[in-house]
file target09.cif (mmCIF, C-alpha atoms and all ligand atoms)
data_target
loop_
_atom_site.label_atom_id
_atom_site.label_comp_id
_atom_site.auth_asym_id
_atom_site.auth_seq_id
_atom_site.Cartn_x
_atom_site.Cartn_y
_atom_site.Cartn_z
CA SER A 1 0.00 0.00 0.00
CA LYS A 2 1.23 3.49 -0.73
CA ALA A 3 2.15 5.83 2.04
CA LYS A 4 -0.17 8.77 2.27
CA LEU A 5 1.52 12.01 1.42
CA PHE A 6 -1.17 14.33 2.43
CA ASP A 7 -3.10 14.82 5.58
CA GLU A 8 -6.85 15.13 5.81
CA LYS A 9 -8.52 16.91 8.72
CA THR A 10 -12.16 17.52 9.33
CA ASP A 11 -13.81 19.48 12.08
CA ILE A 12 -10.99 22.00 12.44
CA LYS A 13 -11.50 24.28 15.42
CA THR A 14 -9.07 27.00 14.40
CA SER A 15 -10.83 30.30 13.77
CA PHE A 16 -9.86 33.86 12.89
CA LYS A 17 -9.79 34.60 16.62
CA ASP A 18 -6.66 32.45 16.86
CA VAL A 19 -4.92 34.59 14.25
CA ALA A 20 -3.68 37.85 15.77
CA GLY A 21 -2.97 40.89 13.62
CA LEU A 22 -2.88 40.24 9.86
CA GLU A 23 -6.03 42.31 9.37
CA GLY A 24 -5.56 42.75 5.62
CA ALA A 25 -4.85 39.06 5.02
CA LYS A 26 -7.79 38.03 7.17
CA GLU A 27 -10.09 40.30 5.19
CA GLU A 28 -8.93 38.70 1.96
CA VAL A 29 -9.36 35.15 3.17
CA GLN A 30 -12.75 36.02 4.64
CA GLU A 31 -13.87 36.26 1.05
CA ILE A 32 -12.65 32.69 0.44
CA VAL A 33 -14.66 31.51 3.46
CA ASP A 34 -17.71 33.11 1.87
CA PHE A 35 -17.05 31.41 -1.50
CA LEU A 36 -16.88 28.05 0.27
CA LYS A 37 -20.01 28.61 2.32
CA PHE A 38 -22.25 30.31 -0.23
CA PRO A 39 -20.94 29.52 -3.72
CA GLU A 40 -24.30 30.12 -5.43
CA LYS A 41 -24.34 33.69 -4.21
CA TYR A 42 -21.42 34.27 -6.60
CA THR A 43 -22.06 31.82 -9.41
CA ASN A 44 -25.70 32.96 -9.75
CA LEU A 45 -24.39 36.29 -10.88
CA GLY A 46 -22.01 34.67 -13.35
CA GLY A 47 -18.91 35.20 -11.24
CA LYS A 48 -16.07 32.70 -11.35
CA ILE A 49 -14.90 31.65 -7.93
CA PRO A 50 -11.10 31.73 -7.71
CA LYS A 51 -9.39 28.34 -7.53
CA GLY A 52 -6.28 29.31 -5.70
CA ALA A 53 -4.53 31.91 -3.60
CA LEU A 54 -0.91 32.18 -2.65
CA LEU A 55 0.01 33.14 0.92
CA VAL A 56 3.33 34.92 0.71
CA GLY A 57 5.56 35.89 3.61
CA PRO A 58 8.50 35.07 5.89
CA PRO A 59 8.62 31.84 7.95
CA GLY A 60 6.49 31.62 11.07
CA THR A 61 4.16 34.50 10.26
CA GLY A 62 0.96 32.45 10.39
CA LYS A 63 0.38 31.26 6.82
CA THR A 64 -0.48 27.72 7.87
CA LEU A 65 -2.50 29.03 10.80
CA LEU A 66 -4.49 31.31 8.49
CA ALA A 67 -5.16 28.49 6.00
CA ARG A 68 -6.42 26.27 8.83
CA ALA A 69 -8.58 29.12 10.09
CA VAL A 70 -10.21 29.37 6.65
CA ALA A 71 -11.12 25.68 6.87
CA GLY A 72 -12.32 26.12 10.45
CA GLU A 73 -14.43 29.18 9.67
CA ALA A 74 -16.00 27.58 6.58
CA ASN A 75 -16.27 24.25 8.39
CA VAL A 76 -14.83 22.30 5.46
CA PRO A 77 -12.23 19.49 5.29
CA PHE A 78 -8.59 20.54 5.12
CA PHE A 79 -6.24 18.56 2.89
CA SER A 80 -2.63 19.52 3.43
CA LEU A 81 0.79 18.55 2.25
CA SER A 82 4.23 20.05 2.15
CA GLY A 83 6.06 20.67 -1.09
CA SER A 84 9.29 19.54 0.50
CA ASP A 85 7.86 16.07 1.11
CA PHE A 86 7.69 15.63 -2.64
CA VAL A 87 11.34 16.33 -3.06
CA GLU A 88 12.21 13.34 -0.90
CA MET A 89 9.84 11.09 -2.73
CA PHE A 90 10.49 8.06 -4.83
CA VAL A 91 10.66 8.71 -8.51
CA GLY A 92 7.45 8.40 -10.45
CA VAL A 93 4.90 8.94 -7.71
CA GLY A 94 4.71 12.73 -7.28
CA ALA A 95 2.22 13.26 -10.08
CA SER A 96 0.00 10.40 -9.01
CA ARG A 97 -0.04 11.70 -5.43
CA VAL A 98 -1.20 15.06 -6.69
CA ARG A 99 -3.93 13.33 -8.67
CA ASP A 100 -5.05 11.39 -5.55
CA LEU A 101 -5.09 14.53 -3.48
CA PHE A 102 -7.34 16.42 -5.88
CA LYS A 103 -9.61 13.44 -6.32
CA GLN A 104 -10.16 13.18 -2.57
CA ALA A 105 -10.65 16.92 -2.17
CA LYS A 106 -13.24 16.96 -4.94
CA GLU A 107 -15.12 14.04 -3.42
CA LYS A 108 -15.31 15.89 -0.11
CA SER A 109 -16.01 19.34 -1.53
CA PRO A 110 -16.47 22.03 -0.48
CA SER A 111 -12.92 21.67 0.77
CA ILE A 112 -9.52 23.30 1.05
CA ILE A 113 -6.21 22.01 -0.23
CA PHE A 114 -3.20 23.57 1.47
CA ILE A 115 0.27 23.18 -0.04
CA ASP A 116 2.99 24.42 2.29
CA GLU A 117 6.40 25.33 0.81
CA ILE A 118 5.04 25.23 -2.71
CA ASP A 119 8.39 26.53 -3.96
CA ALA A 120 9.81 23.04 -3.44
CA ILE A 121 7.70 21.83 -6.37
CA GLY A 122 6.80 25.14 -7.99
CA ARG A 123 10.22 26.56 -8.78
CA SER A 124 10.63 27.84 -12.34
CA ARG A 125 11.07 24.90 -14.63
CA GLY A 126 14.61 24.45 -15.80
CA LYS A 127 16.04 26.74 -13.11
CA SER A 128 16.54 24.47 -10.14
CA ASN A 129 19.54 24.51 -7.82
CA PHE A 130 19.48 20.77 -7.59
CA SER A 131 21.91 18.86 -9.68
CA GLY A 132 20.72 15.93 -11.69
CA SER A 133 17.30 15.34 -13.07
CA ASN A 134 14.37 17.60 -12.32
CA ASP A 135 11.95 15.52 -14.31
CA GLU A 136 10.21 14.24 -11.22
CA ARG A 137 9.61 17.69 -9.80
CA GLU A 138 8.49 19.01 -13.17
CA ASN A 139 6.06 16.14 -13.59
CA THR A 140 4.63 16.92 -10.19
CA LEU A 141 4.31 20.61 -11.00
CA ASN A 142 2.73 19.87 -14.37
CA GLN A 143 0.21 17.59 -12.69
CA LEU A 144 -0.66 20.32 -10.21
CA LEU A 145 -1.26 22.78 -13.07
CA THR A 146 -3.34 20.19 -14.91
CA GLU A 147 -5.48 19.52 -11.86
CA MET A 148 -6.10 23.21 -11.23
CA ASP A 149 -7.11 23.74 -14.86
CA GLY A 150 -9.20 20.59 -14.82
CA PHE A 151 -11.61 21.34 -12.07
CA GLY A 152 -14.44 23.53 -13.12
CA ASN A 153 -15.38 26.73 -11.38
CA ASN A 154 -18.16 24.91 -9.59
CA ALA A 155 -15.93 22.23 -8.02
CA ASN A 156 -15.74 24.34 -4.88
CA VAL A 157 -12.26 23.24 -3.93
CA ILE A 158 -9.96 26.14 -3.10
CA VAL A 159 -6.23 25.61 -3.17
CA LEU A 160 -4.17 27.70 -0.79
CA ALA A 161 -0.40 27.54 -1.05
CA ALA A 162 2.30 29.10 1.10
CA THR A 163 5.75 30.31 0.21
CA ASN A 164 8.42 32.65 1.42
CA ARG A 165 9.99 32.69 -2.06
CA ALA A 166 7.32 33.95 -4.45
CA ASP A 167 10.14 35.23 -6.66
CA VAL A 168 11.37 31.73 -7.61
CA LEU A 169 7.95 30.35 -8.51
CA ASP A 170 7.14 29.30 -12.03
CA LYS A 171 5.04 32.06 -13.58
CA ALA A 172 2.65 29.43 -14.91
CA LEU A 173 1.41 28.96 -11.33
CA MET A 174 0.25 32.55 -11.13
CA ARG A 175 -1.72 32.54 -14.37
CA ALA A 176 -5.46 33.31 -14.33
CA GLY A 177 -7.49 30.41 -13.00
CA ARG A 178 -4.59 29.13 -10.89
CA PHE A 179 -2.93 31.01 -8.01
CA ASP A 180 -4.06 34.32 -9.37
CA ARG A 181 -4.39 35.97 -5.96
CA GLN A 182 -1.48 36.76 -3.69
CA ILE A 183 -2.07 37.46 -0.04
CA TYR A 184 0.78 38.98 1.95
CA VAL A 185 1.47 37.69 5.42
CA ASP A 186 4.19 39.91 6.82
CA LEU A 187 6.16 40.00 10.05
CA PRO A 188 4.06 41.65 12.77
CA ASP A 189 4.58 45.28 13.74
CA ILE A 190 4.66 46.31 17.40
CA ARG A 191 0.88 46.54 17.73
CA GLU A 192 0.44 43.12 16.13
CA ARG A 193 3.12 41.59 18.34
CA LYS A 194 1.16 42.80 21.35
CA GLU A 195 -1.93 41.04 20.00
CA ILE A 196 0.01 37.84 19.30
CA PHE A 197 1.35 37.91 22.88
CA GLU A 198 -2.21 38.23 24.13
CA VAL A 199 -3.22 35.10 22.19
CA HIS A 200 -0.26 33.06 23.40
CA LEU A 201 -0.41 34.19 27.02
CA ARG A 202 -3.87 32.65 27.30
CA PRO A 203 -2.72 29.05 27.82
CA LEU A 204 -0.23 30.07 30.54
CA LYS A 205 -1.78 29.33 33.90
CA LYS A 206 -0.10 31.79 36.27
CA ILE A 207 1.21 35.07 35.00
CA GLY A 208 2.83 37.63 37.26
CA SER A 209 1.18 41.03 37.63
CA ASP A 210 4.35 42.58 36.18
CA ILE A 211 3.61 41.13 32.72
CA ASP A 212 2.72 43.80 30.23
CA THR A 213 2.16 42.84 26.59
CA GLU A 214 3.09 46.31 25.39
CA PHE A 215 6.48 45.97 27.05
CA LEU A 216 6.94 42.48 25.59
CA ALA A 217 6.04 43.74 22.11
CA LYS A 218 8.71 46.45 22.49
CA GLN A 219 11.34 43.87 23.43
CA THR A 220 10.76 41.71 20.35
CA PRO A 221 11.33 43.64 17.10
CA GLY A 222 11.72 41.30 14.13
CA PHE A 223 10.04 38.39 15.91
CA SER A 224 7.53 36.33 13.98
CA GLY A 225 4.32 34.97 15.46
CA ALA A 226 6.02 31.59 15.77
CA ASP A 227 8.90 33.21 17.69
CA ILE A 228 6.42 34.85 20.05
CA ALA A 229 4.55 31.58 20.62
CA ASN A 230 7.95 30.12 21.40
CA VAL A 231 8.80 32.89 23.89
CA CYS A 232 5.55 32.34 25.77
CA ASN A 233 6.04 28.61 26.07
CA GLU A 234 9.73 28.91 26.88
CA SER A 235 9.06 31.46 29.63
CA ALA A 236 6.75 29.00 31.39
CA LEU A 237 9.43 26.31 31.17
CA ILE A 238 12.09 28.70 32.48
CA ALA A 239 9.86 29.74 35.39
CA ALA A 240 9.14 26.12 36.24
CA ARG A 241 12.83 25.22 36.13
CA LYS A 242 13.54 28.02 38.61
CA GLY A 243 10.78 26.61 40.79
CA ASN A 244 8.70 29.78 40.43
CA LYS A 245 4.99 29.65 41.21
CA GLN A 246 4.21 32.06 38.38
CA VAL A 247 5.74 33.35 35.18
CA THR A 248 7.40 36.71 35.72
CA ARG A 249 8.69 39.48 33.51
CA GLN A 250 12.25 38.22 34.06
CA ASP A 251 11.28 34.76 32.82
CA PHE A 252 9.98 36.36 29.63
CA LEU A 253 13.16 38.37 29.20
CA ASP A 254 15.22 35.20 29.65
CA ALA A 255 13.05 33.46 27.08
CA VAL A 256 13.47 36.37 24.64
CA ASP A 257 17.26 36.14 25.06
CA ARG A 258 17.17 32.44 24.44
CA ILE A 259 15.08 32.83 21.26
CA ILE A 260 17.39 35.61 20.01
CA GLY A 261 20.34 33.30 20.65
CA GLY A 262 18.63 30.59 18.66
CA LEU A 263 17.83 32.94 15.79
CA GLU A 264 21.44 34.15 15.64
CA LYS A 265 22.70 30.59 15.50
CA LYS A 266 20.27 29.79 12.70
CA ASN A 267 21.41 32.81 10.71
CA LYS A 268 25.04 31.82 11.15
CA ILE A 269 24.33 28.39 9.76
CA MET A 270 22.44 29.81 6.82
CA THR A 271 25.00 32.41 5.78
P1 LIG B 301 6.31 28.52 7.77
O1 LIG B 301 6.53 29.38 6.58
O2 LIG B 301 7.54 28.33 8.62
O3 LIG B 301 5.54 27.26 7.51
P2 LIG B 301 3.91 29.83 8.68
O4 LIG B 301 3.86 31.21 8.16
O5 LIG B 301 3.07 28.80 8.04
O6 LIG B 301 5.41 29.38 8.77
P3 LIG B 301 2.64 29.04 11.06
O7 LIG B 301 3.08 27.62 10.96
O8 LIG B 301 1.25 29.34 10.74
O9 LIG B 301 3.59 29.93 10.21
O10 LIG B 301 2.96 29.61 12.52
C1 LIG B 301 3.54 28.81 13.51
C2 LIG B 301 2.88 29.09 14.84
O11 LIG B 301 3.20 30.43 15.25
C3 LIG B 301 1.38 29.05 14.81
O12 LIG B 301 0.89 27.75 15.00
C4 LIG B 301 1.01 29.98 15.95
O13 LIG B 301 1.15 29.32 17.19
C5 LIG B 301 2.10 31.04 15.88
N1 LIG B 301 1.68 32.21 15.09
C6 LIG B 301 2.24 32.64 13.94
N2 LIG B 301 1.62 33.74 13.49
C7 LIG B 301 0.63 34.01 14.36
C8 LIG B 301 -0.40 35.01 14.43
N3 LIG B 301 -0.50 35.98 13.51
N4 LIG B 301 -1.25 34.95 15.48
C9 LIG B 301 -1.15 34.00 16.42
N5 LIG B 301 -0.22 33.04 16.40
C10 LIG B 301 0.67 33.03 15.39
#

call {"tool": "encode", "arguments": {"input": "target09.cif", "output": "C-alpha cells"}}
result
Amino acid sequence: SKAKLFDEKTDIKTSFKDVAGLEGAKEEVQEIVDFLKFPEKYTNLGGKIPKGALLVGPPGTGKTLLARAVAGEANVPFFSLSGSDFVEMFVGVGASRVRDLFKQAKEKSPSIIFIDEIDAIGRSRGKSNFSGSNDERENTLNQLLTEMDGFGNNANVIVLAATNRADVLDKALMRAGRFDRQIYVDLPDIRERKEIFEVHLRPLKKIGSDIDTEFLAKQTPGFSGADIANVCNESALIAARKGNKQVTRQDFLDAVDRIIGGLEKKNKIMT
C-alpha cells in the first residue's frame, strides 16, 4: 500500500480569533470563506470563484495558521501537504499523489487544499539549484497545473499555497485560473506583536502582575508569530525550572534572550 503524502482533517476548530494581527490578510481570506459557504451567491451572478490563492511571507508568520482558520471558519475538510515532502519522494509517484489529493478533495467538496512550501515543487522549470534530473519535480508541478485547470469553477475546492519565495515560482502557477491571488502575510509590527502575545499568554496558567504585553512587544522587534509563541512557552518552562509559582517578567526576558540566541545561531548556519 502506498504511504499517504497528504493529511486530511475535518472538524478543524481553528478560527480567525486564533490569528492575531494580519487584518488585511484576514479580510482577503474572509472572502474565500464566503465562496466556500455560499458559492451560489457568486455563481448565480455569473462570477467565477477563484481556484487558488498564494500566501506569501516570511517563515512563522501564520500562513499555515491562516489556511487552517479558513477551513475552520468555513467548516470544510482541510487537505494539506508540504512541497518539500515531494522532493524526498520516490521517482514516479509525485504526479500520481497530486492526482489522488485532488480526487479526494473533490469528493469531499467544499474543501480546502493547502500546499505548504510550494516553492519546493513550484520553482521555475529548468532553473533548479538541484543537480541531476528535475523531471520528477516538473512532472509533479505539471500535474498540479493540470489539476487546477481541470476542475471547473463549480468544483468548490480552493487551493491555498504558502511560500516565502514567491520570486522563484514558475510564472505558470500565477496565471489566471490558478494562483491568481497573492495574499501577503508579513512580520508583525509592534501593535500586532502585542496582540500575538495576548493570544499566546492565554494558555499560561499563572502570570505575574508585572507582565505587560506592550512591554513584551517592544522587546521583540523582528520576531515572527512563531517566535512569540515560542517565547511564551519557553518562559513557562524557564519559570518552572527556577521553581517559580508564576511566570514573571524576568522569565519572559530570559526566554526572549534564548530565542534571540537561537535565531542568531540559525542565521550563522544559513550564511
Ligand atoms: P512557515 O513558513 O515556517 O511554515 P507559517 O507562516 O506557516 O510558517 P505558522 O506555521 O502558521 O507559520 O505559525 C507557527 C505558529 O506560530 C502558529 O501555529 C502559531 O502558534 C504562531 N503564530 C504565527 N503567526 C501568528 C499570528 N498571527 N497569530 C497567532 N499566532 C501566530

call {"tool": "residues_around", "arguments": {"input": "target09.cif", "residues": "stretch 219-236 of chain A", "least_positions_apart": "4", "cutoff": "7 Å", "atoms": "only C-alpha atoms", "output": "ChimeraX atom specification"}}
result
/A:60-62,187-188,196-197,200-201,215,240,247,251-252,255-256,259

call {"tool": "write_last_selection", "arguments": {"input": "target09.cif", "atoms": "C-alpha atoms", "output": "compact mmCIF listing (two decimals), in the frame of the given file"}}
result
# COMPACT_ATOMS: atom_id res chain seq x y z
CA GLY A 60 6.49 31.62 11.07
CA THR A 61 4.16 34.50 10.26
CA GLY A 62 0.96 32.45 10.39
CA LEU A 187 6.16 40.00 10.05
CA PRO A 188 4.06 41.65 12.77
CA ILE A 196 0.01 37.84 19.30
CA PHE A 197 1.35 37.91 22.88
CA HIS A 200 -0.26 33.06 23.40
CA LEU A 201 -0.41 34.19 27.02
CA PHE A 215 6.48 45.97 27.05
CA ALA A 240 9.14 26.12 36.24
CA VAL A 247 5.74 33.35 35.18
CA ASP A 251 11.28 34.76 32.82
CA PHE A 252 9.98 36.36 29.63
CA ALA A 255 13.05 33.46 27.08
CA VAL A 256 13.47 36.37 24.64
CA ILE A 259 15.08 32.83 21.26

call {"tool": "residues_around", "arguments": {"input": "target09.cif", "residues": "A:Ala74", "least_positions_apart": "6", "cutoff": "8 Å", "atoms": "all atoms listed in the file", "output": "VMD selection string"}}
result
chain A and resid 33 to 34 36 to 37

call {"tool": "closest_residue", "arguments": {"input": "target09.cif", "among": "A:Glu264, A:Leu66, A:Thr248, A:Thr10", "to": "A:Lys206", "atoms": "all atoms listed in the file"}}
result
A:Thr248

call {"tool": "residues_around", "arguments": {"input": "target09.cif", "residues": "A:Lys171", "least_positions_apart": "3", "cutoff": "9 Å", "atoms": "all atoms listed in the file", "output": "PyMOL selection string"}}
result
chain A and resi 123-124+168+174-175

call {"tool": "closest_residue", "arguments": {"input": "target09.cif", "among": "A:Glu31, A:Asp135, A:Asp180, A:Asp119", "to": "A:Met148", "atoms": "only C-alpha atoms"}}
result
A:Asp180

call {"tool": "atom_distance", "arguments": {"input": "target09.cif", "atom1": "atom CA of A:Phe6", "atom2": "atom CA of A:Phe38"}}
result
26.6 Å
